[in-house]
$ cat structure_31.cif   # mmCIF, C-alpha atoms
data_target
#
loop_
_atom_site.group_PDB
_atom_site.id
_atom_site.type_symbol
_atom_site.label_atom_id
_atom_site.label_comp_id
_atom_site.auth_asym_id
_atom_site.auth_seq_id
_atom_site.Cartn_x
_atom_site.Cartn_y
_atom_site.Cartn_z
ATOM 1 C CA MET A 1 0.000 0.000 0.000
ATOM 2 C CA ASP A 2 2.964 2.307 0.484
ATOM 3 C CA ASP A 3 3.624 2.331 -3.218
ATOM 4 C CA GLY A 4 1.646 5.167 -4.738
ATOM 5 C CA THR A 5 0.883 3.165 -7.878
ATOM 6 C CA ASN A 6 -0.929 0.183 -6.357
ATOM 7 C CA TRP A 7 -3.928 2.104 -5.070
ATOM 8 C CA LYS A 8 -6.125 0.287 -7.568
ATOM 9 C CA SER A 9 -5.467 -3.177 -6.176
ATOM 10 C CA TRP A 10 -6.047 -1.872 -2.651
ATOM 11 C CA ILE A 11 -9.365 -0.193 -3.438
ATOM 12 C CA GLU A 12 -10.535 -3.121 -5.547
ATOM 13 C CA SER A 13 -10.150 -5.502 -2.652
ATOM 14 C CA HIS A 14 -12.244 -3.283 -0.363
ATOM 15 C CA ALA A 15 -14.432 -1.356 -2.792
ATOM 16 C CA ALA A 16 -17.671 -3.329 -2.492
ATOM 17 C CA VAL A 17 -17.918 -3.113 1.289
ATOM 18 C CA LEU A 18 -16.742 0.497 1.290
ATOM 19 C CA LEU A 19 -19.429 1.337 -1.231
ATOM 20 C CA LEU A 20 -22.007 -0.477 0.881
ATOM 21 C CA TYR A 21 -20.880 1.556 3.881
ATOM 22 C CA ALA A 22 -21.021 4.791 1.861
ATOM 23 C CA ARG A 23 -24.635 4.012 1.012
ATOM 24 C CA GLN A 24 -25.597 4.647 4.624
ATOM 25 C CA TRP A 25 -25.431 8.340 3.772
ATOM 26 C CA SER A 26 -26.014 8.276 0.028
ATOM 27 C CA PRO A 27 -28.240 5.323 -0.918
ATOM 28 C CA LEU A 28 -27.943 5.807 -4.673
ATOM 29 C CA GLN A 29 -24.994 4.014 -6.221
ATOM 30 C CA SER A 30 -23.762 7.043 -8.171
ATOM 31 C CA ASP A 31 -23.876 9.257 -5.069
ATOM 32 C CA ALA A 32 -22.244 6.568 -2.965
ATOM 33 C CA GLU A 33 -19.457 6.309 -5.526
ATOM 34 C CA ASP A 34 -18.907 10.069 -5.260
ATOM 35 C CA VAL A 35 -18.710 9.773 -1.475
ATOM 36 C CA LEU A 36 -16.304 6.856 -1.757
ATOM 37 C CA GLN A 37 -14.168 8.790 -4.191
ATOM 38 C CA GLU A 38 -13.874 11.743 -1.795
ATOM 39 C CA ALA A 39 -13.183 9.381 1.079
ATOM 40 C CA PHE A 40 -10.504 7.501 -0.788
ATOM 41 C CA LEU A 41 -8.705 10.710 -1.787
ATOM 42 C CA ARG A 42 -8.653 11.770 1.869
ATOM 43 C CA PHE A 43 -7.481 8.342 2.921
ATOM 44 C CA TRP A 44 -4.790 8.062 0.266
ATOM 45 C CA LYS A 45 -3.335 11.459 1.155
ATOM 46 C CA ASN A 46 -3.021 10.626 4.865
ATOM 47 C CA ARG A 47 -2.564 6.852 4.727
ATOM 48 C CA HIS A 48 0.994 6.968 6.053
ATOM 49 C CA ASP A 49 -0.189 8.578 9.296
ATOM 50 C CA ALA A 50 -2.914 5.988 9.903
ATOM 51 C CA GLN A 51 -2.158 3.439 12.591
ATOM 52 C CA ASP A 52 -4.960 1.182 11.377
ATOM 53 C CA PRO A 53 -5.416 1.897 7.652
ATOM 54 C CA LYS A 54 -8.519 -0.250 7.239
ATOM 55 C CA ALA A 55 -10.402 1.354 10.125
ATOM 56 C CA TYR A 56 -9.152 4.750 8.967
ATOM 57 C CA MET A 57 -10.530 4.146 5.466
ATOM 58 C CA PHE A 58 -13.958 3.371 6.909
ATOM 59 C CA ALA A 59 -13.717 6.491 9.076
ATOM 60 C CA CYS A 60 -12.938 8.521 5.938
ATOM 61 C CA VAL A 61 -16.032 7.093 4.244
ATOM 62 C CA ARG A 62 -18.092 7.991 7.281
ATOM 63 C CA SER A 63 -16.777 11.548 7.330
ATOM 64 C CA ALA A 64 -17.294 12.028 3.582
ATOM 65 C CA GLY A 65 -20.779 10.506 3.907
ATOM 66 C CA VAL A 66 -21.762 12.910 6.673
ATOM 67 C CA ASP A 67 -20.453 15.838 4.593
ATOM 68 C CA PHE A 68 -22.452 14.618 1.606
ATOM 69 C CA LEU A 69 -25.620 14.252 3.646
ATOM 70 C CA ARG A 70 -25.198 17.702 5.146
ATOM 71 C CA ALA A 71 -24.804 19.267 1.716
ATOM 72 C CA ARG A 72 -27.706 17.344 0.232
ATOM 73 C CA ARG A 73 -30.157 17.604 3.111
ATOM 74 C CA SER A 74 -30.970 21.218 2.558
ATOM 75 C CA ARG A 75 -31.036 20.932 -1.229
ATOM 76 C CA ASP A 76 -33.167 18.059 -2.348
ATOM 77 C CA ARG A 77 -34.471 16.085 0.569
ATOM 78 C CA PHE A 78 -37.737 15.149 -1.104
ATOM 79 C CA GLU A 79 -36.150 14.188 -4.369
ATOM 80 C CA GLN A 80 -33.604 12.095 -2.506
ATOM 81 C CA GLN A 81 -36.357 10.236 -0.669
ATOM 82 C CA ALA A 82 -38.155 9.465 -3.921
ATOM 83 C CA ARG A 83 -34.986 8.125 -5.504
ATOM 84 C CA LEU A 84 -34.220 6.130 -2.360
ATOM 85 C CA ASP A 85 -37.405 4.119 -2.731
ATOM 86 C CA ARG A 86 -36.562 3.106 -6.278
ATOM 87 C CA SER A 87 -33.048 1.993 -5.397
ATOM 88 C CA ASN A 88 -34.211 -0.070 -2.457
ATOM 89 C CA LEU A 89 -32.548 -3.392 -3.120
ATOM 90 C CA GLU A 90 -29.529 -2.415 -5.106
ATOM 91 C CA TRP A 91 -27.122 -2.741 -2.206
ATOM 92 C CA PHE A 92 -26.481 -6.417 -2.862
ATOM 93 C CA ARG A 93 -26.015 -8.654 -5.855
ATOM 94 C CA LEU A 94 -29.048 -10.915 -6.095
ATOM 95 C CA SER A 95 -29.027 -14.072 -8.177
ATOM 96 C CA ASP A 96 -32.192 -15.870 -9.243
ATOM 97 C CA GLU A 97 -31.717 -18.800 -6.903
ATOM 98 C CA GLY A 98 -32.768 -18.248 -3.301
ATOM 99 C CA ASP A 99 -33.395 -14.562 -3.852
ATOM 100 C CA GLU A 100 -36.497 -14.418 -1.670
ATOM 101 C CA THR A 101 -34.557 -15.095 1.512
ATOM 102 C CA ARG A 102 -31.786 -12.741 0.486
ATOM 103 C CA ILE A 103 -34.244 -10.004 -0.369
ATOM 104 C CA ALA A 104 -35.903 -10.482 3.005
ATOM 105 C CA VAL A 105 -32.545 -10.284 4.810
ATOM 106 C CA ALA A 106 -31.496 -7.234 2.795
ATOM 107 C CA ALA A 107 -34.824 -5.535 3.490
ATOM 108 C CA ALA A 108 -34.560 -6.331 7.196
ATOM 109 C CA LEU A 109 -31.070 -4.840 7.253
ATOM 110 C CA ARG A 110 -32.487 -1.634 5.767
ATOM 111 C CA ARG A 111 -35.052 -1.431 8.570
ATOM 112 C CA LEU A 112 -32.389 -1.217 11.277
ATOM 113 C CA PRO A 113 -31.591 2.130 12.902
ATOM 114 C CA SER A 114 -28.671 3.724 11.081
ATOM 115 C CA GLU A 115 -26.098 3.192 13.843
ATOM 116 C CA GLN A 116 -26.996 -0.520 14.068
ATOM 117 C CA GLN A 117 -26.921 -0.811 10.289
ATOM 118 C CA GLU A 118 -23.440 0.723 10.261
ATOM 119 C CA THR A 119 -22.232 -1.650 12.963
ATOM 120 C CA VAL A 120 -23.516 -4.723 11.122
ATOM 121 C CA ILE A 121 -21.909 -3.637 7.840
ATOM 122 C CA LEU A 122 -18.563 -2.943 9.504
ATOM 123 C CA LYS A 123 -18.667 -6.258 11.363
ATOM 124 C CA ILE A 124 -20.042 -8.619 8.709
ATOM 125 C CA TRP A 125 -18.606 -7.256 5.465
ATOM 126 C CA GLY A 126 -15.824 -5.034 6.782
ATOM 127 C CA ASN A 127 -14.550 -7.762 9.137
ATOM 128 C CA LEU A 128 -13.627 -5.127 11.696
ATOM 129 C CA THR A 129 -13.263 -5.911 15.386
ATOM 130 C CA PHE A 130 -15.517 -4.098 17.861
ATOM 131 C CA GLU A 131 -12.530 -2.006 18.840
ATOM 132 C CA GLN A 132 -12.013 -0.935 15.223
ATOM 133 C CA ILE A 133 -15.743 -0.312 14.822
ATOM 134 C CA GLY A 134 -15.651 1.818 17.957
ATOM 135 C CA ARG A 135 -12.771 3.882 16.569
ATOM 136 C CA THR A 136 -14.528 4.316 13.233
ATOM 137 C CA MET A 137 -17.855 5.327 14.740
ATOM 138 C CA GLN A 138 -16.316 7.185 17.675
ATOM 139 C CA VAL A 139 -18.004 5.049 20.304
ATOM 140 C CA SER A 140 -16.646 2.556 22.829
ATOM 141 C CA PRO A 141 -16.103 -1.073 21.751
ATOM 142 C CA HIS A 142 -18.729 -2.015 24.327
ATOM 143 C CA THR A 143 -21.307 0.249 22.671
ATOM 144 C CA ALA A 144 -20.412 -1.161 19.260
ATOM 145 C CA ALA A 145 -20.883 -4.719 20.550
ATOM 146 C CA SER A 146 -24.239 -3.813 22.120
ATOM 147 C CA ARG A 147 -25.479 -2.244 18.906
ATOM 148 C CA TYR A 148 -24.451 -5.341 16.995
ATOM 149 C CA ARG A 149 -26.288 -7.622 19.431
ATOM 150 C CA TYR A 150 -29.455 -5.531 19.281
ATOM 151 C CA ALA A 151 -29.252 -5.435 15.496
ATOM 152 C CA LEU A 152 -29.060 -9.217 15.231
ATOM 153 C CA LEU A 153 -31.980 -9.586 17.656
ATOM 154 C CA SER A 154 -34.101 -7.234 15.563
ATOM 155 C CA LEU A 155 -33.143 -8.985 12.334
ATOM 156 C CA LYS A 156 -34.046 -12.346 13.825
ATOM 157 C CA LYS A 157 -37.417 -11.047 15.004
ATOM 158 C CA TRP A 158 -38.309 -9.452 11.666
ATOM 159 C CA LEU A 159 -37.220 -12.466 9.632
ATOM 160 C CA LEU A 160 -39.321 -14.764 11.836
ATOM 161 C CA GLN A 161 -42.334 -12.479 11.429
ATOM 162 C CA ASP A 162 -41.710 -12.477 7.706
ATOM 163 C CA GLN A 163 -41.629 -16.273 7.569
ATOM 164 C CA LEU A 164 -44.847 -16.576 9.607
ATOM 165 C CA SER A 165 -46.719 -14.134 7.431
ATOM 166 C CA MET B 1 -22.380 -16.745 20.910
ATOM 167 C CA ASN B 2 -25.955 -17.926 20.413
ATOM 168 C CA ASN B 3 -27.011 -20.134 17.535
ATOM 169 C CA PHE B 4 -29.458 -17.565 16.266
ATOM 170 C CA GLN B 5 -26.620 -15.046 16.031
ATOM 171 C CA THR B 6 -24.448 -17.319 13.937
ATOM 172 C CA ASP B 7 -27.479 -18.194 11.822
ATOM 173 C CA ILE B 8 -28.286 -14.543 11.131
ATOM 174 C CA GLU B 9 -24.627 -13.747 10.553
ATOM 175 C CA ALA B 10 -24.433 -16.590 8.018
ATOM 176 C CA GLN B 11 -27.491 -15.246 6.208
ATOM 177 C CA LEU B 12 -26.006 -11.773 6.119
ATOM 178 C CA ARG B 13 -22.655 -13.029 4.849
ATOM 179 C CA ARG B 14 -24.414 -14.680 1.930
ATOM 180 C CA LEU B 15 -25.346 -11.218 0.694
ATOM 181 C CA GLU B 16 -22.725 -9.879 -1.665
ATOM 182 C CA PRO B 17 -22.396 -6.052 -1.788
ATOM 183 C CA VAL B 18 -22.582 -4.475 -5.238
ATOM 184 C CA PRO B 19 -19.116 -3.343 -6.371
ATOM 185 C CA PRO B 20 -18.495 0.153 -7.756
ATOM 186 C CA SER B 21 -18.983 0.766 -11.464
ATOM 187 C CA PRO B 22 -16.059 1.122 -13.940
ATOM 188 C CA ARG B 23 -16.905 4.858 -13.991
ATOM 189 C CA PHE B 24 -15.869 5.058 -10.355
ATOM 190 C CA TYR B 25 -12.413 3.614 -11.017
ATOM 191 C CA GLN B 26 -11.966 5.857 -14.044
ATOM 192 C CA MET B 27 -12.913 8.980 -12.114
ATOM 193 C CA LEU B 28 -10.727 7.999 -9.184
ATOM 194 C CA ASP B 29 -7.830 7.394 -11.547
ATOM 195 C CA ASP B 30 -8.339 10.857 -13.048
ATOM 196 C CA ARG B 31 -8.493 12.526 -9.672
ATOM 197 C CA LEU B 32 -5.455 10.719 -8.308
ATOM 198 C CA ASN B 33 -3.523 11.820 -11.381
ATOM 199 C CA GLU B 34 -4.572 15.367 -10.582
ATOM 200 C CA ALA B 35 -3.064 15.022 -7.135
ATOM 201 C CA PRO B 36 0.427 16.348 -8.091
ATOM 202 C CA ILE B 37 -1.258 19.445 -9.528
ATOM 203 C CA ALA B 38 -3.051 19.871 -6.244
ATOM 204 C CA GLY B 39 0.325 19.518 -4.536
ATOM 205 C CA ASN B 40 1.776 22.252 -6.746
ATOM 206 C CA ARG B 41 -1.183 24.458 -5.919
ATOM 207 C CA LEU B 42 -0.426 23.979 -2.271
ATOM 208 C CA ALA B 43 3.223 24.907 -2.830
ATOM 209 C CA VAL B 44 2.145 28.055 -4.699
ATOM 210 C CA ARG B 45 -0.219 28.945 -1.862
ATOM 211 C CA VAL B 46 2.552 28.458 0.721
ATOM 212 C CA ALA B 47 4.884 30.640 -1.364
ATOM 213 C CA GLU B 48 2.197 33.346 -1.570
ATOM 214 C CA VAL B 49 1.700 33.330 2.175
ATOM 215 C CA ALA B 50 5.480 33.447 2.786
ATOM 216 C CA THR B 51 5.835 36.400 0.395
ATOM 217 C CA ALA B 52 2.992 38.272 2.063
ATOM 218 C CA LEU B 53 4.558 37.634 5.455
ATOM 219 C CA ALA B 54 7.964 38.882 4.276
ATOM 220 C CA LEU B 55 6.334 42.003 2.797
ATOM 221 C CA CYS B 56 4.577 42.703 6.106
ATOM 222 C CA MET B 57 7.904 42.395 7.947
ATOM 223 C CA VAL B 58 9.630 44.815 5.538
ATOM 224 C CA ILE B 59 6.791 47.357 5.849
ATOM 225 C CA THR B 60 6.896 47.063 9.628
ATOM 226 C CA ALA B 61 10.663 47.575 9.680
ATOM 227 C CA VAL B 62 10.481 50.627 7.381
ATOM 228 C CA CYS B 63 7.566 52.304 9.135
ATOM 229 C CA ARG B 64 8.730 51.638 12.658
ATOM 230 C CA VAL B 65 9.049 54.930 14.589
ATOM 231 C CA PRO B 66 12.449 55.260 16.322
ATOM 232 C CA PRO B 67 12.200 55.574 20.077
ATOM 233 C CA ARG B 68 11.854 59.179 21.163
ATOM 234 C CA GLN B 69 14.993 60.552 22.796
ATOM 235 C CA ALA B 70 14.635 62.406 26.004
ATOM 236 C CA PHE B 71 15.131 66.128 25.619
ATOM 237 C CA ALA B 72 17.528 67.655 28.030
ATOM 238 C CA PRO B 73 19.219 71.008 28.040
ATOM 239 C CA ASN B 74 22.979 70.971 27.554
ATOM 240 C CA GLY B 75 24.843 69.932 30.596
ATOM 241 C CA MET B 76 21.815 68.256 32.150
ATOM 242 C CA PRO B 77 21.092 64.533 32.314
ATOM 243 C CA PRO B 78 17.995 63.426 30.376
ATOM 244 C CA SER B 79 14.776 63.706 32.298
ATOM 245 C CA GLY B 80 14.142 60.747 34.491
ATOM 246 C CA THR B 81 17.792 60.241 35.393
ATOM 247 C CA VAL B 82 19.000 61.810 38.593
ATOM 248 C CA SER B 83 22.483 61.313 39.934
ATOM 249 C CA ALA B 84 23.243 60.651 43.585
ATOM 250 C CA GLN B 85 25.177 63.920 43.745
ATOM 251 C CA GLN B 86 22.094 65.846 42.588
ATOM 252 C CA LEU B 87 19.934 64.081 45.139
ATOM 253 C CA GLN B 88 22.305 65.077 47.907
ATOM 254 C CA GLY B 89 22.073 68.715 46.828
ATOM 255 C CA LEU B 90 18.273 68.821 46.983
ATOM 256 C CA PRO B 91 16.456 70.316 49.993
ATOM 257 C CA THR B 92 15.041 67.785 52.375
ATOM 258 C CA ASP B 93 11.381 67.097 52.867
ATOM 259 C CA LEU B 94 11.703 68.758 56.265
ATOM 260 C CA ALA B 95 12.994 71.959 54.678
ATOM 261 C CA TYR B 96 9.929 72.134 52.421
ATOM 262 C CA ARG B 97 7.610 71.478 55.380
ATOM 263 C CA ARG B 98 9.231 74.213 57.442
ATOM 264 C CA ARG B 99 8.870 76.748 54.622
ATOM 265 C CA ALA B 100 5.283 75.717 54.090
ATOM 266 C CA ALA B 101 4.599 76.134 57.826
ATOM 267 C CA THR B 102 6.068 79.637 57.745
ATOM 268 C CA SER B 103 4.130 80.852 54.728
ATOM 269 C CA LEU B 104 3.197 79.981 51.160
ATOM 270 C CA ASP B 105 5.504 82.691 49.839
ATOM 271 C CA ASP B 106 8.434 81.125 51.652
ATOM 272 C CA LEU B 107 7.636 77.779 50.065
ATOM 273 C CA ASN B 108 7.431 79.356 46.621
ATOM 274 C CA GLY B 109 10.716 81.043 47.291
ATOM 275 C CA LEU B 110 12.332 77.689 47.985
ATOM 276 C CA PHE B 111 10.897 76.282 44.732
ATOM 277 C CA ASP B 112 12.276 79.242 42.786
ATOM 278 C CA GLU B 113 15.651 78.839 44.410
ATOM 279 C CA ARG B 114 15.794 75.156 43.446
ATOM 280 C CA ALA B 115 14.722 75.941 39.903
ATOM 281 C CA ARG B 116 17.462 78.510 39.496
ATOM 282 C CA VAL B 117 20.121 76.080 40.742
ATOM 283 C CA SER B 118 19.050 72.962 38.782
ATOM 284 C CA LEU B 119 18.006 74.498 35.426
ATOM 285 C CA PRO B 120 20.037 76.830 33.205
ATOM 286 C CA ALA B 121 18.818 80.370 32.874
ATOM 287 C CA LEU B 122 15.747 80.669 30.661
ATOM 288 C CA ASP B 123 17.458 83.331 28.633
ATOM 289 C CA ASP B 124 20.233 80.917 27.680
ATOM 290 C CA VAL B 125 17.777 78.298 26.444
ATOM 291 C CA ALA B 126 15.736 80.845 24.512
ATOM 292 C CA ALA B 127 18.863 82.268 22.901
ATOM 293 C CA ARG B 128 20.091 78.809 21.862
ATOM 294 C CA ARG B 129 16.710 77.955 20.324
ATOM 295 C CA GLN B 130 16.659 81.215 18.398
ATOM 296 C CA SER B 131 20.141 80.610 16.996
ATOM 297 C CA LEU B 132 19.101 77.114 15.899
ATOM 298 C CA PHE B 133 16.088 78.543 14.040
ATOM 299 C CA ASP B 134 18.292 81.158 12.431
ATOM 300 C CA GLU B 135 20.673 78.477 11.190
ATOM 301 C CA LEU B 136 17.837 76.472 9.737
ATOM 302 C CA LEU B 137 16.295 79.476 7.982
ATOM 303 C CA MET B 138 19.565 80.634 6.461
ATOM 304 C CA PRO B 139 19.861 79.648 2.779
#

$ encode --input "structure_31.cif" --output "structure tokens"
Amino acid sequence: MDDGTNWKSWIESHAAVLLLYARQWSPLQSDAEDVLQEAFLRFWKNRHDAQDPKAYMFACVRSAGVDFLRARRSRDRFEQQARLDRSNLEWFRLSDEGDETRIAVAAALRRLPSEQQETVILKIWGNLTFEQIGRTMQVSPHTAASRYRYALLSLKKWLLQDQLS
Amino acid sequence: MNNFQTDIEAQLRRLEPVPPSPRFYQMLDDRLNEAPIAGNRLAVRVAEVATALALCMVITAVCRVPPRQAFAPNGMPPSGTVSAQQLQGLPTDLAYRRRAATSLDDLNGLFDERARVSLPALDDVAARRQSLFDELLMP
């Protein structure tokens, strides 16, 4: 990663989960890509100072996402909401086989409160420890672990309700 | 860890996040190639700030007013400096009190006496000033 030319291989290995994380603040793929782009430029410039580059990259995405949301909120909140509904299930690749369960899981994930959603994404797809999640989200590792537990409980409950109905 | 947790985690892990589009990589490539230009811009900005700072320092140095020198008649120390010899020659506090107790005229007399001793005659100062003006006005 120290070599300035191999940024592409680094971003390619993390891009999908970083994009998923960016979608917490900018649900549309094109917007999320813009956020990720800003975040990666910040990260790449300061990567040598980062003690934990992976956690730092996620923190950069978070910061760029918050900036994006702040800029957008005042401008086109209603338009954003309308577009959000259309792009509901584009966060994950869905194949034909077994899609119903996956769609249900993806939809349940979207129902979680944002901080729990973030925690699950960082834990499941980012493979971060609770300590790293805490650093990224600026909370204690204990809080991160609690949010994760609550998120899984909610997901379980909603998926069971879904199956029964 | 509970079974339900591992079960839910397994279901979540089966979901594969959508990767960024080729447009993203292209745009990122473009912007990273712009980075040296951004670096040059920063260097230019730093140079501008340094120049402005240097200019401010030069202006400050040029416009700085020299410290005002204390005016003192010839033969006298500048105001604010009193030698021990002069202090010894001054009337005591008691002398002033005694004159004041006698009368106000006596006290004034003592002041006049001190002024005559410690300052040169007014005529001398006035004459010196006049000669200085004359010299300046002469073509």

$ resolve_selection --input "structure_31.cif" --expression "the PyMOL selection byres ((chain A) within 7 of (chain B))" --output "list in words"
Ala15, Ala16, Val17, Leu19, Leu20, Glu33, Gln37, Trp91, Phe92, Arg93, Arg102, Val105, Ile124, Leu152 and Lys156 of chain A

$ write_last_selection --input "structure_31.cif" --atoms "C-alpha atoms" --output "short mmCIF file (atom, residue, chain, number, x, y, z; two decimals), in the frame of the given file"
data_model
loop_
_atom_site.label_atom_id
_atom_site.label_comp_id
_atom_site.auth_asym_id
_atom_site.auth_seq_id
_atom_site.Cartn_x
_atom_site.Cartn_y
_atom_site.Cartn_z
CA ALA A 15 -14.43 -1.36 -2.79
CA ALA A 16 -17.67 -3.33 -2.49
CA VAL A 17 -17.92 -3.11 1.29
CA LEU A 19 -19.43 1.34 -1.23
CA LEU A 20 -22.01 -0.48 0.88
CA GLU A 33 -19.46 6.31 -5.53
CA GLN A 37 -14.17 8.79 -4.19
CA TRP A 91 -27.12 -2.74 -2.21
CA PHE A 92 -26.48 -6.42 -2.86
CA ARG A 93 -26.02 -8.65 -5.86
CA ARG A 102 -31.79 -12.74 0.49
CA VAL A 105 -32.54 -10.28 4.81
CA ILE A 124 -20.04 -8.62 8.71
CA LEU A 152 -29.06 -9.22 15.23
CA LYS A 156 -34.05 -12.35 13.82
#

$ atom_distance --input "structure_31.cif" --atom1 "CA of Met57 (chain B)" --atom2 "CA of Arg45 (chain B)"
18.5 Å

$ residues_around --input "structure_31.cif" --residues "Ala50 (chain A)" --least-positions-apart "6" --cutoff "12 Å" --atoms "all atoms listed in the file" --output "MDAnalysis selection string"
chainID A and resid 1:2 42:44 56:60

$ resolve_selection --input "structure_31.cif" --expression "the PyMOL selection byres ((chain A and resi 122) around 10)" --output "VMD selection string"
chain A and resid 17 to 18 20 to 21 55 58 116 to 121 123 to 130 132 to 133 136 to 137 148

$ atom_distance --input "structure_31.cif" --atom1 "CA of Gln161 (chain A)" --atom2 "CA of Glu115 (chain A)"
22.7 Å

$ atom_distance --input "structure_31.cif" --atom1 "CA of Ala61 (chain B)" --atom2 "CA of Val46 (chain B)"
22.6 Å
